[in-house]
>>> print(open('structure_0.cif').read())   # mmCIF, C-alpha atoms and all ligand atoms
data_coords
#
loop_
_atom_site.label_atom_id
_atom_site.label_comp_id
_atom_site.auth_asym_id
_atom_site.auth_seq_id
_atom_site.Cartn_x
_atom_site.Cartn_y
_atom_site.Cartn_z
CA MET A 1 9.48 10.66 -18.76
CA ARG A 2 12.66 9.94 -16.87
CA ILE A 3 12.12 7.82 -13.77
CA GLY A 4 14.42 6.68 -10.98
CA VAL A 5 13.46 3.67 -8.83
CA VAL A 6 15.06 3.41 -5.39
CA GLY A 7 14.81 -0.11 -3.90
CA ALA A 8 14.30 -1.51 -7.40
CA THR A 9 15.40 -5.04 -6.46
CA GLY A 10 12.81 -5.46 -3.66
CA GLU A 11 9.34 -6.97 -3.80
CA VAL A 12 7.71 -3.57 -4.30
CA GLY A 13 10.47 -2.18 -6.57
CA ARG A 14 10.34 -5.10 -9.02
CA THR A 15 6.56 -4.91 -9.12
CA MET A 16 6.66 -1.14 -9.79
CA LEU A 17 8.74 -1.91 -12.89
CA LYS A 18 6.12 -4.43 -14.06
CA VAL A 19 3.25 -2.01 -13.41
CA LEU A 20 5.03 0.83 -15.25
CA GLU A 21 5.23 -1.54 -18.23
CA GLU A 22 1.65 -2.80 -17.93
CA PHE A 23 0.23 0.74 -17.64
CA ASP A 24 2.33 1.72 -20.65
CA VAL A 25 3.80 4.74 -18.89
CA PRO A 26 5.89 6.64 -21.46
CA VAL A 27 9.32 6.13 -19.89
CA SER A 28 12.21 7.52 -21.96
CA GLU A 29 14.92 6.66 -19.41
CA ILE A 30 14.91 4.59 -16.25
CA ARG A 31 17.62 4.22 -13.59
CA LEU A 32 17.50 1.63 -10.83
CA PHE A 33 19.08 2.05 -7.39
CA ALA A 34 19.66 -0.28 -4.44
CA SER A 35 22.30 -1.01 -1.78
CA GLU A 36 25.80 -2.36 -2.43
CA ARG A 37 24.33 -5.90 -2.10
CA SER A 38 22.69 -5.54 -5.52
CA VAL A 39 25.04 -3.27 -7.44
CA GLY A 40 25.62 -4.61 -10.95
CA LYS A 41 22.60 -6.95 -10.91
CA GLU A 42 20.50 -6.65 -14.03
CA LEU A 43 16.74 -6.20 -14.13
CA THR A 44 14.61 -6.16 -17.26
CA PHE A 45 12.46 -3.19 -18.21
CA LYS A 46 10.45 -3.20 -21.45
CA GLY A 47 12.59 -6.04 -22.77
CA GLU A 48 15.88 -4.30 -22.06
CA SER A 49 18.36 -5.11 -19.37
CA VAL A 50 19.10 -2.29 -16.89
CA LYS A 51 22.00 -2.41 -14.41
CA VAL A 52 21.32 -1.66 -10.75
CA GLU A 53 23.36 1.29 -9.42
CA LEU A 54 24.46 2.11 -5.90
CA LEU A 55 22.18 4.64 -4.20
CA THR A 56 24.21 7.70 -3.21
CA GLU A 57 23.45 11.33 -2.42
CA ASP A 58 24.85 12.13 -5.84
CA SER A 59 22.33 9.88 -7.58
CA MET A 60 19.58 12.06 -6.08
CA LYS A 61 20.90 14.97 -8.14
CA TRP A 62 19.72 13.35 -11.37
CA LYS A 63 17.19 15.77 -12.87
CA CYS A 64 14.54 13.22 -13.71
CA ASP A 65 10.75 13.62 -13.56
CA TYR A 66 9.99 11.23 -10.69
CA PHE A 67 11.77 9.12 -8.11
CA LEU A 68 9.80 6.12 -6.87
CA PHE A 69 11.10 5.05 -3.44
CA SER A 70 10.63 1.62 -1.83
CA ALA A 71 13.72 0.97 0.27
CA GLY A 72 12.43 1.55 3.81
CA ALA A 73 11.85 4.62 5.96
CA SER A 74 15.47 5.41 6.88
CA VAL A 75 16.56 5.43 3.22
CA SER A 76 13.62 7.69 2.32
CA LYS A 77 14.36 10.10 5.17
CA ARG A 78 17.98 10.44 4.12
CA PHE A 79 17.68 10.58 0.33
CA ALA A 80 14.20 11.82 -0.67
CA PRO A 81 14.70 15.42 0.57
CA ILE A 82 17.81 15.74 -1.63
CA ALA A 83 15.80 14.81 -4.72
CA VAL A 84 13.09 17.27 -3.76
CA GLN A 85 15.67 20.03 -3.32
CA ASN A 86 16.62 19.36 -6.92
CA GLY A 87 13.03 19.89 -8.02
CA VAL A 88 12.09 16.23 -8.50
CA THR A 89 8.78 14.82 -7.20
CA VAL A 90 9.22 11.73 -5.02
CA ILE A 91 6.58 9.05 -4.53
CA ASP A 92 7.48 7.24 -1.33
CA ASN A 93 6.23 3.81 -0.27
CA SER A 94 7.69 3.96 3.21
CA SER A 95 6.10 5.25 6.41
CA ALA A 96 8.69 8.07 6.74
CA PHE A 97 6.53 11.04 5.75
CA ARG A 98 2.95 9.75 5.79
CA MET A 99 1.73 11.66 8.81
CA GLU A 100 3.56 14.93 8.07
CA LYS A 101 1.01 17.70 7.84
CA ASP A 102 2.11 19.19 4.52
CA ILE A 103 2.74 15.90 2.75
CA PRO A 104 -0.20 14.45 0.82
CA LEU A 105 -1.08 10.83 1.62
CA VAL A 106 -2.66 9.65 -1.59
CA VAL A 107 -4.90 6.86 -2.83
CA PRO A 108 -5.59 8.32 -6.28
CA GLU A 109 -9.14 6.94 -6.55
CA VAL A 110 -10.00 8.82 -3.34
CA ASN A 111 -7.97 12.04 -3.12
CA ALA A 112 -6.01 12.58 -6.35
CA HIS A 113 -7.00 16.27 -6.29
CA LEU A 114 -4.18 16.82 -3.76
CA LEU A 115 -1.67 16.20 -6.57
CA LYS A 116 -2.65 19.16 -8.72
CA GLY A 117 0.02 21.85 -8.62
CA TYR A 118 2.00 19.90 -5.99
CA THR A 119 5.73 19.16 -6.13
CA GLY A 120 7.70 17.45 -3.39
CA ILE A 121 7.17 14.17 -1.57
CA VAL A 122 3.92 12.28 -2.05
CA ALA A 123 3.39 9.51 0.50
CA ASN A 124 1.93 6.15 -0.42
CA PRO A 125 -0.18 4.79 2.47
CA ASN A 126 0.23 1.53 4.36
CA CYS A 127 -0.92 -1.55 2.43
CA SER A 128 -3.75 -2.61 4.79
CA THR A 129 -5.08 0.93 4.87
CA ILE A 130 -5.19 1.35 1.07
CA GLN A 131 -7.34 -1.71 0.44
CA MET A 132 -9.69 -0.88 3.34
CA VAL A 133 -10.12 2.74 2.30
CA LEU A 134 -10.86 1.70 -1.30
CA SER A 135 -13.72 -0.49 -0.09
CA ILE A 136 -15.30 2.19 2.12
CA TYR A 137 -14.68 5.60 0.53
CA LYS A 138 -17.92 5.62 -1.45
CA LEU A 139 -19.81 4.47 1.66
CA HIS A 140 -18.32 7.41 3.52
CA GLU A 141 -19.65 9.80 0.87
CA ALA A 142 -23.10 8.18 1.03
CA TYR A 143 -23.73 7.55 4.73
CA GLY A 144 -20.80 9.05 6.69
CA VAL A 145 -18.53 6.41 8.26
CA GLU A 146 -18.58 6.59 12.06
CA GLU A 147 -16.63 3.49 13.15
CA ILE A 148 -14.63 0.70 11.54
CA PHE A 149 -13.84 -2.60 13.27
CA VAL A 150 -11.25 -4.56 11.30
CA ALA A 151 -9.12 -7.67 11.74
CA THR A 152 -6.43 -8.21 9.12
CA TYR A 153 -4.92 -11.43 7.76
CA GLN A 154 -1.66 -10.15 6.28
CA SER A 155 0.66 -12.16 4.06
CA VAL A 156 4.38 -12.58 4.79
CA SER A 157 5.34 -10.56 1.67
CA GLY A 158 4.14 -7.50 3.60
CA ALA A 159 7.47 -7.80 5.43
CA GLY A 160 9.37 -7.75 2.13
CA HIS A 161 11.54 -10.41 0.56
CA LYS A 162 12.94 -11.54 3.90
CA GLY A 163 9.41 -12.32 5.15
CA ILE A 164 8.84 -14.65 2.20
CA GLU A 165 12.24 -16.30 2.73
CA GLU A 166 11.46 -16.96 6.40
CA LEU A 167 8.17 -18.75 5.66
CA LEU A 168 9.78 -20.81 2.86
CA ALA A 169 12.72 -21.76 5.15
CA GLN A 170 10.33 -22.89 7.90
CA GLU A 171 8.36 -24.91 5.31
CA ARG A 172 11.62 -26.70 4.50
CA GLY A 173 11.97 -27.54 8.20
CA GLU A 174 14.61 -24.94 9.11
CA GLU A 175 14.26 -23.51 12.63
CA VAL A 176 14.76 -19.84 11.75
CA VAL A 177 12.69 -17.14 13.51
CA LYS A 178 14.10 -13.69 12.74
CA VAL A 179 11.61 -11.55 10.84
CA PHE A 180 8.43 -12.48 12.71
CA ALA A 181 7.90 -12.64 16.49
CA LYS A 182 7.03 -16.35 16.38
CA LYS A 183 7.16 -19.22 13.92
CA ILE A 184 4.76 -18.28 11.08
CA HIS A 185 4.56 -21.66 9.31
CA ARG A 186 1.26 -23.34 10.37
CA ASN A 187 0.62 -20.45 12.74
CA VAL A 188 -0.89 -16.95 12.97
CA ILE A 189 0.72 -14.03 14.82
CA PRO A 190 -1.38 -11.14 16.17
CA LEU A 191 1.50 -8.67 16.12
CA ILE A 192 2.71 -6.49 13.22
CA GLY A 193 5.15 -3.74 14.19
CA GLU A 194 5.95 -2.80 17.74
CA ILE A 195 3.45 -2.34 20.55
CA GLN A 196 2.88 1.34 21.37
CA ASP A 197 2.15 3.06 24.71
CA ASN A 198 -1.60 2.62 24.08
CA LEU A 199 -1.05 -1.15 23.55
CA PHE A 200 -1.99 -1.00 19.87
CA THR A 201 0.76 -1.97 17.41
CA GLN A 202 2.45 0.38 14.93
CA GLU A 203 0.57 -1.32 12.07
CA GLU A 204 -2.75 -0.87 13.88
CA MET A 205 -2.07 2.82 14.52
CA LYS A 206 -1.17 3.28 10.83
CA MET A 207 -4.66 2.00 9.96
CA VAL A 208 -6.22 4.42 12.48
CA ASN A 209 -4.29 7.55 11.54
CA GLU A 210 -3.89 7.03 7.80
CA THR A 211 -7.60 6.22 7.26
CA ARG A 212 -8.55 9.53 8.88
CA LYS A 213 -5.99 11.48 6.89
CA ILE A 214 -6.94 9.95 3.51
CA LEU A 215 -10.69 10.39 4.08
CA ASN A 216 -9.97 13.83 5.58
CA ASP A 217 -12.26 13.10 8.53
CA TYR A 218 -10.61 12.95 11.93
CA THR A 219 -13.87 11.94 13.69
CA ILE A 220 -13.79 8.40 12.21
CA ARG A 221 -12.99 5.79 14.86
CA VAL A 222 -10.98 2.76 13.69
CA TYR A 223 -10.49 -0.36 15.85
CA PRO A 224 -7.96 -2.68 14.14
CA THR A 225 -6.29 -5.95 15.08
CA THR A 226 -3.48 -6.69 12.62
CA VAL A 227 -2.45 -10.33 12.19
CA ARG A 228 0.28 -12.05 10.15
CA VAL A 229 -0.77 -15.31 8.46
CA PRO A 230 1.29 -17.89 6.52
CA VAL A 231 0.14 -16.69 3.10
CA LEU A 232 2.75 -15.57 0.53
CA TYR A 233 0.89 -12.80 -1.30
CA GLY A 234 -2.42 -11.01 -0.64
CA HIS A 235 -3.83 -9.37 2.46
CA SER A 236 -7.39 -10.10 3.67
CA GLU A 237 -9.49 -8.09 6.09
CA ALA A 238 -12.71 -8.82 8.00
CA VAL A 239 -14.34 -5.39 8.12
CA MET A 240 -17.37 -4.10 10.01
CA VAL A 241 -18.30 -0.52 9.22
CA ARG A 242 -20.88 1.56 11.09
CA PHE A 243 -22.44 4.62 9.45
CA LYS A 244 -23.84 7.86 10.81
CA ARG A 245 -26.97 7.45 8.70
CA PRO A 246 -28.98 4.25 8.01
CA TYR A 247 -28.82 2.60 4.60
CA ALA A 248 -31.94 1.61 2.64
CA SER A 249 -30.97 -1.94 1.63
CA LEU A 250 -27.98 -4.23 1.34
CA GLU A 251 -28.36 -4.03 -2.44
CA GLU A 252 -27.92 -0.26 -2.21
CA VAL A 253 -24.75 -0.70 -0.09
CA ARG A 254 -23.40 -3.19 -2.59
CA LYS A 255 -23.91 -0.79 -5.50
CA ILE A 256 -22.26 2.03 -3.60
CA ILE A 257 -19.16 -0.03 -2.74
CA ALA A 258 -18.97 -1.23 -6.37
CA SER A 259 -19.15 2.36 -7.65
CA GLY A 260 -15.66 2.85 -6.19
CA GLU A 261 -12.92 2.95 -8.82
CA ASP A 262 -10.82 -0.25 -8.96
CA VAL A 263 -13.18 -2.03 -6.53
CA VAL A 264 -14.92 -5.32 -7.39
CA VAL A 265 -17.89 -6.56 -5.34
CA THR A 266 -18.73 -10.20 -5.97
CA ASP A 267 -20.75 -13.15 -4.68
CA ASP A 268 -17.76 -15.40 -5.37
CA LEU A 269 -15.60 -16.40 -2.45
CA ILE A 270 -12.35 -14.47 -2.95
CA THR A 271 -9.12 -15.57 -1.29
CA PRO A 272 -5.55 -14.24 -1.50
CA ILE A 273 -4.55 -16.80 -4.13
CA ASP A 274 -7.31 -15.46 -6.40
CA VAL A 275 -6.04 -11.87 -6.35
CA ALA A 276 -2.31 -12.36 -6.97
CA GLY A 277 -1.31 -10.08 -9.84
CA ARG A 278 -4.58 -8.10 -9.78
CA ASN A 279 -4.81 -4.33 -9.43
CA GLU A 280 -8.31 -4.17 -7.89
CA THR A 281 -9.59 -4.53 -4.34
CA PHE A 282 -12.15 -7.32 -3.94
CA VAL A 283 -15.14 -7.29 -1.59
CA CYS A 284 -17.28 -10.36 -0.89
CA ARG A 285 -19.47 -11.86 1.88
CA LEU A 286 -21.28 -8.55 2.28
CA ARG A 287 -23.92 -8.80 5.01
CA ALA A 288 -26.05 -6.57 7.25
CA ALA A 289 -25.22 -6.30 10.94
CA ASP A 290 -27.94 -3.76 11.82
CA GLU A 291 -29.63 -0.81 10.13
CA ARG A 292 -26.44 1.31 10.31
CA SER A 293 -23.72 -1.38 10.04
CA VAL A 294 -22.49 -3.82 7.43
CA MET A 295 -19.77 -6.46 7.41
CA PHE A 296 -17.67 -7.83 4.56
CA TRP A 297 -14.49 -9.63 3.55
CA ASN A 298 -11.91 -7.60 1.62
CA VAL A 299 -8.88 -8.95 -0.28
CA ALA A 300 -6.15 -7.35 -2.41
CA ASP A 301 -2.66 -8.05 -3.70
CA ASN A 302 -0.65 -6.18 -1.05
CA ILE A 303 2.40 -5.65 -3.25
CA ARG A 304 0.29 -4.16 -6.05
CA VAL A 305 -2.81 -2.43 -4.61
CA GLY A 306 -1.03 -1.89 -1.28
CA ALA A 307 2.18 -0.48 -2.76
CA ALA A 308 3.41 -0.69 -6.37
CA THR A 309 0.17 -0.10 -8.29
CA ASN A 310 -0.87 2.71 -5.97
CA ALA A 311 2.54 4.36 -6.45
CA VAL A 312 2.36 4.12 -10.25
CA ARG A 313 -1.23 5.38 -10.20
CA ILE A 314 -0.02 8.38 -8.19
CA LEU A 315 2.71 9.01 -10.77
CA VAL A 316 0.29 8.81 -13.72
CA LYS A 317 -2.33 11.01 -12.00
CA HIS A 318 0.30 13.55 -10.96
CA ALA A 319 1.65 13.67 -14.51
CA GLU A 320 -1.87 14.05 -15.97
CA LEU A 321 -2.96 16.76 -13.55
CA ASN A 322 0.23 18.76 -14.04
CA GLY A 323 0.46 18.60 -17.82
CA ARG A 324 3.34 16.15 -17.98
CA LEU A 325 1.55 13.50 -19.99
N1 LIG B 401 5.75 -5.40 0.97
C1 LIG B 401 4.65 -4.67 1.10
O1 LIG B 401 3.50 -5.19 1.11
C2 LIG B 401 4.73 -3.19 1.24
C3 LIG B 401 3.56 -2.48 1.18
C4 LIG B 401 3.60 -1.10 1.32
C5 LIG B 401 4.80 -0.48 1.51
N2 LIG B 401 5.95 -1.19 1.57
C6 LIG B 401 7.20 -0.45 1.79
O2 LIG B 401 8.03 -0.52 0.65
C7 LIG B 401 9.39 -0.55 1.03
C8 LIG B 401 10.08 -1.75 0.43
O3 LIG B 401 9.40 -2.93 0.78
P1 LIG B 401 9.69 -4.32 0.06
O4 LIG B 401 8.59 -5.20 0.53
O5 LIG B 401 9.92 -4.15 -1.39
O6 LIG B 401 11.08 -4.75 0.78
P2 LIG B 401 12.26 -5.69 0.25
O7 LIG B 401 11.75 -6.76 -0.63
O8 LIG B 401 13.01 -6.06 1.48
O9 LIG B 401 13.18 -4.70 -0.64
C9 LIG B 401 13.90 -3.65 -0.08
C10 LIG B 401 14.59 -2.85 -1.15
O10 LIG B 401 15.25 -1.74 -0.55
C11 LIG B 401 16.64 -1.75 -0.94
N3 LIG B 401 17.46 -1.21 0.14
C12 LIG B 401 17.49 -1.60 1.43
N4 LIG B 401 18.40 -0.86 2.12
C13 LIG B 401 18.96 0.01 1.23
C14 LIG B 401 19.95 1.02 1.31
N5 LIG B 401 20.59 1.29 2.44
N6 LIG B 401 20.25 1.72 0.19
C15 LIG B 401 19.65 1.45 -0.98
N7 LIG B 401 18.69 0.50 -1.12
C16 LIG B 401 18.34 -0.21 -0.03
C17 LIG B 401 16.92 -3.20 -1.19
O11 LIG B 401 18.08 -3.32 -2.00
P3 LIG B 401 19.11 -4.59 -1.97
O12 LIG B 401 18.66 -5.50 -3.07
O13 LIG B 401 20.40 -3.95 -2.29
O14 LIG B 401 19.04 -5.18 -0.62
C18 LIG B 401 15.64 -3.61 -1.92
O15 LIG B 401 15.70 -3.16 -3.25
C19 LIG B 401 9.38 -0.49 2.56
O16 LIG B 401 9.49 0.86 2.95
C20 LIG B 401 8.03 -1.02 2.91
O17 LIG B 401 7.56 -0.54 4.16
C21 LIG B 401 5.95 -2.55 1.43
#
>>> encode(input="structure_0.cif", output="structure tokens", more="lines below")
Ligand SMILES: NC(=O)c1ccc[n+]([C@@H]2O[C@H](COP(=O)([O-])OP(=O)(O)OC[C@H]3O[C@@H](n4cnc5c(N)ncnc54)[C@H](OP(=O)(O)O)[C@@H]3O)[C@@H](O)[C@H]2O)c1
Amino acid sequence: MRIGVVGATGEVGRTMLKVLEEFDVPVSEIRLFASERSVGKELTFKGESVKVELLTEDSMKWKCDYFLFSAGASVSKRFAPIAVQNGVTVIDNSSAFRMEKDIPLVVPEVNAHLLKGYTGIVANPNCSTIQMVLSIYKLHEAYGVEEIFVATYQSVSGAGHKGIEELLAQERGEEVVKVFAKKIHRNVIPLIGEIQDNLFTQEEMKMVNETRKILNDYTIRVYPTTVRVPVLYGHSEAVMVRFKRPYASLEEVRKIIASGEDVVVTDDLITPIDVAGRNETFVCRLRAADERSVMFWNVADNIRVGAATNAVRILVKHAELNGRL
């Protein structure tokens, strides 16, 4: 397969290259694109050095099999439609197209069927939403999810490379506050994205709207508070989920969550440090709230599960379902 990676030098882009290697995707040719800041830099793919090229409208005319985009929403909006016009399927990590009616929003473990026979843009959901949905989709099938109350503890890498740089600079004692609304070192900030008219933030509304779209159930009510914490990699979430129907036992709930693909339920205490580099979503501290509600702690590597791994899983599933593998 011939694959183009847009935003290849970023946190998500570099990780997509690693995951393509780890999943042994049969790549015959790869081209890497970024802004003029990175032109000429060399990245390694399968032991070979590949030069980063400038992203232009012309580069979108390359007749490859897939373009993987992770360079922000404005870049996706401008360039992805050109690739699609040329018949190439685009897998987009940005928020640009997620809520468009005809664009599938895919977590392959949950709704891969949307990829069969589809060409065009496939949207990769928001990182916090992916790991939450993975931990509840089997519960939704079993009991019907009615409401979700969630508080997130999101690492600085969720804001890309510049988010990591800001925390590291503050750790060194530099007084720089640009990426986050307040100092993040030795602090927590209950604001991710801008506040909307309804007083929820953009990140919170992504969790509300994207959860409903992925689970294809617009009756589900989601009540999120999204919080930035001074962790480098790995998002955590304190989740309470209320069902339409009662469950029989906590053991039954545990088995149902664990039956989800790429989900690990454990009695161990799992923290962000433990999941760096892992492709699964981890659930621990499962407990009963009442006969229709349970609570748990959920952790995943945001760059992998929340972006790069999900994107590569979409690519592989799309290729499988459409006879390209
Ligand atoms: N980080 C996460 O947890 C996460 C999760 C889900 C989705 N995403 C999404 O993935 C995307 C990338 O995130 P990231 O964390 O990887 O950010 P990042 O580390 O800041 O990397 C951004 C990438 O985009 C490239 N880029 C920026 N402007 C460009 C332009 N005008 N033309 C071409 N390339 C351009 C950068 O290239 P240069 O090297 O040239 O600057 C770099 O390769 C964003 O849309 C983000 O919302 C991120």
>>> residues_around(input="structure_0.cif", residues="Val179 in chain A", least_positions_apart="3", cutoff="10 Å", atoms="only C-alpha atoms", output="list in words")
Val156, Ala159, Gly160, Lys162, Gly163, Ile164, Glu165, Glu166, Leu167, Val176, Lys182, Lys183 and Ile184 of chain A
>>> atom_distance(input="structure_0.cif", atom1="atom C19 of ligand LIG 401 (chain B)", atom2="CA of Gly173 in chain A")
27.8 Å
>>> residues_around(input="structure_0.cif", residues="range 205-216 of chain A", least_positions_apart="4", cutoff="9 Å", atoms="all atoms listed in the file", output="PDB file with C-alpha atoms, keeping the file's coordinate frame")
ATOM      1  CA  SER A  95       6.100   5.250   6.410  1.00  0.00           C
ATOM      2  CA  ARG A  98       2.950   9.750   5.790  1.00  0.00           C
ATOM      3  CA  MET A  99       1.730  11.660   8.810  1.00  0.00           C
ATOM      4  CA  PRO A 104      -0.200  14.450   0.820  1.00  0.00           C
ATOM      5  CA  LEU A 105      -1.080  10.830   1.620  1.00  0.00           C
ATOM      6  CA  VAL A 106      -2.660   9.650  -1.590  1.00  0.00           C
ATOM      7  CA  VAL A 107      -4.900   6.860  -2.830  1.00  0.00           C
ATOM      8  CA  VAL A 110     -10.000   8.820  -3.340  1.00  0.00           C
ATOM      9  CA  ASN A 111      -7.970  12.040  -3.120  1.00  0.00           C
ATOM     10  CA  PRO A 125      -0.180   4.790   2.470  1.00  0.00           C
ATOM     11  CA  ASN A 126       0.230   1.530   4.360  1.00  0.00           C
ATOM     12  CA  SER A 128      -3.750  -2.610   4.790  1.00  0.00           C
ATOM     13  CA  THR A 129      -5.080   0.930   4.870  1.00  0.00           C
ATOM     14  CA  ILE A 130      -5.190   1.350   1.070  1.00  0.00           C
ATOM     15  CA  MET A 132      -9.690  -0.880   3.340  1.00  0.00           C
ATOM     16  CA  VAL A 133     -10.120   2.740   2.300  1.00  0.00           C
ATOM     17  CA  TYR A 137     -14.680   5.600   0.530  1.00  0.00           C
ATOM     18  CA  HIS A 140     -18.320   7.410   3.520  1.00  0.00           C
ATOM     19  CA  GLN A 196       2.880   1.340  21.370  1.00  0.00           C
ATOM     20  CA  PHE A 200      -1.990  -1.000  19.870  1.00  0.00           C
ATOM     21  CA  THR A 201       0.760  -1.970  17.410  1.00  0.00           C
ATOM     22  CA  ILE A 220     -13.790   8.400  12.210  1.00  0.00           C
ATOM     23  CA  ARG A 221     -12.990   5.790  14.860  1.00  0.00           C
ATOM     24  CA  VAL A 222     -10.980   2.760  13.690  1.00  0.00           C
ATOM     25  CA  TYR A 223     -10.490  -0.360  15.850  1.00  0.00           C
ATOM     26  CA  PRO A 224      -7.960  -2.680  14.140  1.00  0.00           C
TER      27      PRO A 224
END
>>> residues_around(input="structure_0.cif", residues="Ser135 in chain A", least_positions_apart="5", cutoff="10 Å", atoms="only C-alpha atoms", output="PyMOL selection string")
chain A and resi 130+140+239+256-265+281-283+296-299
>>> atom_distance(input="structure_0.cif", atom1="CA of Arg14 in chain A", atom2="CA of Cys64 in chain A")
19.4 Å
>>> residues_near_ligand(input="structure_0.cif", ligand="ligand LIG 401 (chain B)", cutoff="7 Å", atoms="all atoms listed in the file", output="CSV table (one decimal) with C-alpha atoms, in the frame of the given file")
chain,number,residue,atom,x,y,z
A,6,VAL,CA,15.1,3.4,-5.4
A,7,GLY,CA,14.8,-0.1,-3.9
A,8,ALA,CA,14.3,-1.5,-7.4
A,9,THR,CA,15.4,-5.0,-6.5
A,10,GLY,CA,12.8,-5.5,-3.7
A,11,GLU,CA,9.3,-7.0,-3.8
A,12,VAL,CA,7.7,-3.6,-4.3
A,13,GLY,CA,10.5,-2.2,-6.6
A,33,PHE,CA,19.1,2.0,-7.4
A,34,ALA,CA,19.7,-0.3,-4.4
A,35,SER,CA,22.3,-1.0,-1.8
A,36,GLU,CA,25.8,-2.4,-2.4
A,37,ARG,CA,24.3,-5.9,-2.1
A,38,SER,CA,22.7,-5.5,-5.5
A,39,VAL,CA,25.0,-3.3,-7.4
A,54,LEU,CA,24.5,2.1,-5.9
A,55,LEU,CA,22.2,4.6,-4.2
A,70,SER,CA,10.6,1.6,-1.8
A,71,ALA,CA,13.7,1.0,0.3
A,72,GLY,CA,12.4,1.6,3.8
A,73,ALA,CA,11.8,4.6,6.0
A,75,VAL,CA,16.6,5.4,3.2
A,93,ASN,CA,6.2,3.8,-0.3
A,94,SER,CA,7.7,4.0,3.2
A,95,SER,CA,6.1,5.2,6.4
A,126,ASN,CA,0.2,1.5,4.4
A,127,CYS,CA,-0.9,-1.6,2.4
A,157,SER,CA,5.3,-10.6,1.7
A,158,GLY,CA,4.1,-7.5,3.6
A,159,ALA,CA,7.5,-7.8,5.4
A,160,GLY,CA,9.4,-7.8,2.1
A,161,HIS,CA,11.5,-10.4,0.6
A,162,LYS,CA,12.9,-11.5,3.9
A,302,ASN,CA,-0.6,-6.2,-1.0
A,303,ILE,CA,2.4,-5.6,-3.2
A,306,GLY,CA,-1.0,-1.9,-1.3
A,307,ALA,CA,2.2,-0.5,-2.8
>>> closest_residue(input="structure_0.cif", among="A:Val50, A:Val25, A:Leu191, A:Val253", to="Arg324 in chain A", atoms="only C-alpha atoms")
A:Val25
>>> residues_near_point(input="structure_0.cif", point="(7.9, 5.5, -20.6)", cutoff="12 Å", atoms="only C-alpha atoms", output="list in words")
Met1, Arg2, Ile3, Gly4, Leu17, Val19, Leu20, Glu21, Glu22, Phe23, Asp24, Val25, Pro26, Val27, Ser28, Glu29, Ile30, Phe45, Lys46, Asp65, Tyr66, Val312, Leu315, Val316, Ala319, Arg324 and Leu325 of chain A
>>> closest_residue(input="structure_0.cif", among="A:Val5, A:Leu139, A:Val227, A:Leu321", to="Arg292 in chain A", atoms="all atoms listed in the file")
A:Leu139
>>> closest_residue(input="structure_0.cif", among="A:Leu43, A:Ala238, A:Leu286, A:Ala123", to="Thr266 in chain A", atoms="only C-alpha atoms")
A:Leu286
>>> residues_near_point(input="structure_0.cif", point="(-0.6, -17.6, 12.0)", cutoff="12 Å", atoms="only C-alpha atoms", output="VMD selection string")
chain A and resid 152 to 156 167 180 to 192 226 to 231
>>> closest_residue(input="structure_0.cif", among="A:Glu291, A:Glu194, A:Glu175, A:Glu320", to="Leu250 in chain A", atoms="all atoms listed in the file")
A:Glu291
>>> atom_distance(input="structure_0.cif", atom1="CA of Tyr233 in chain A", atom2="CA of Phe149 in chain A")
23.1 Å
>>> residues_around(input="structure_0.cif", residues="Pro108 in chain A", least_positions_apart="6", cutoff="8 Å", atoms="all atoms listed in the file", output="MDAnalysis selection string")
chainID A and resid 310 313:314 317
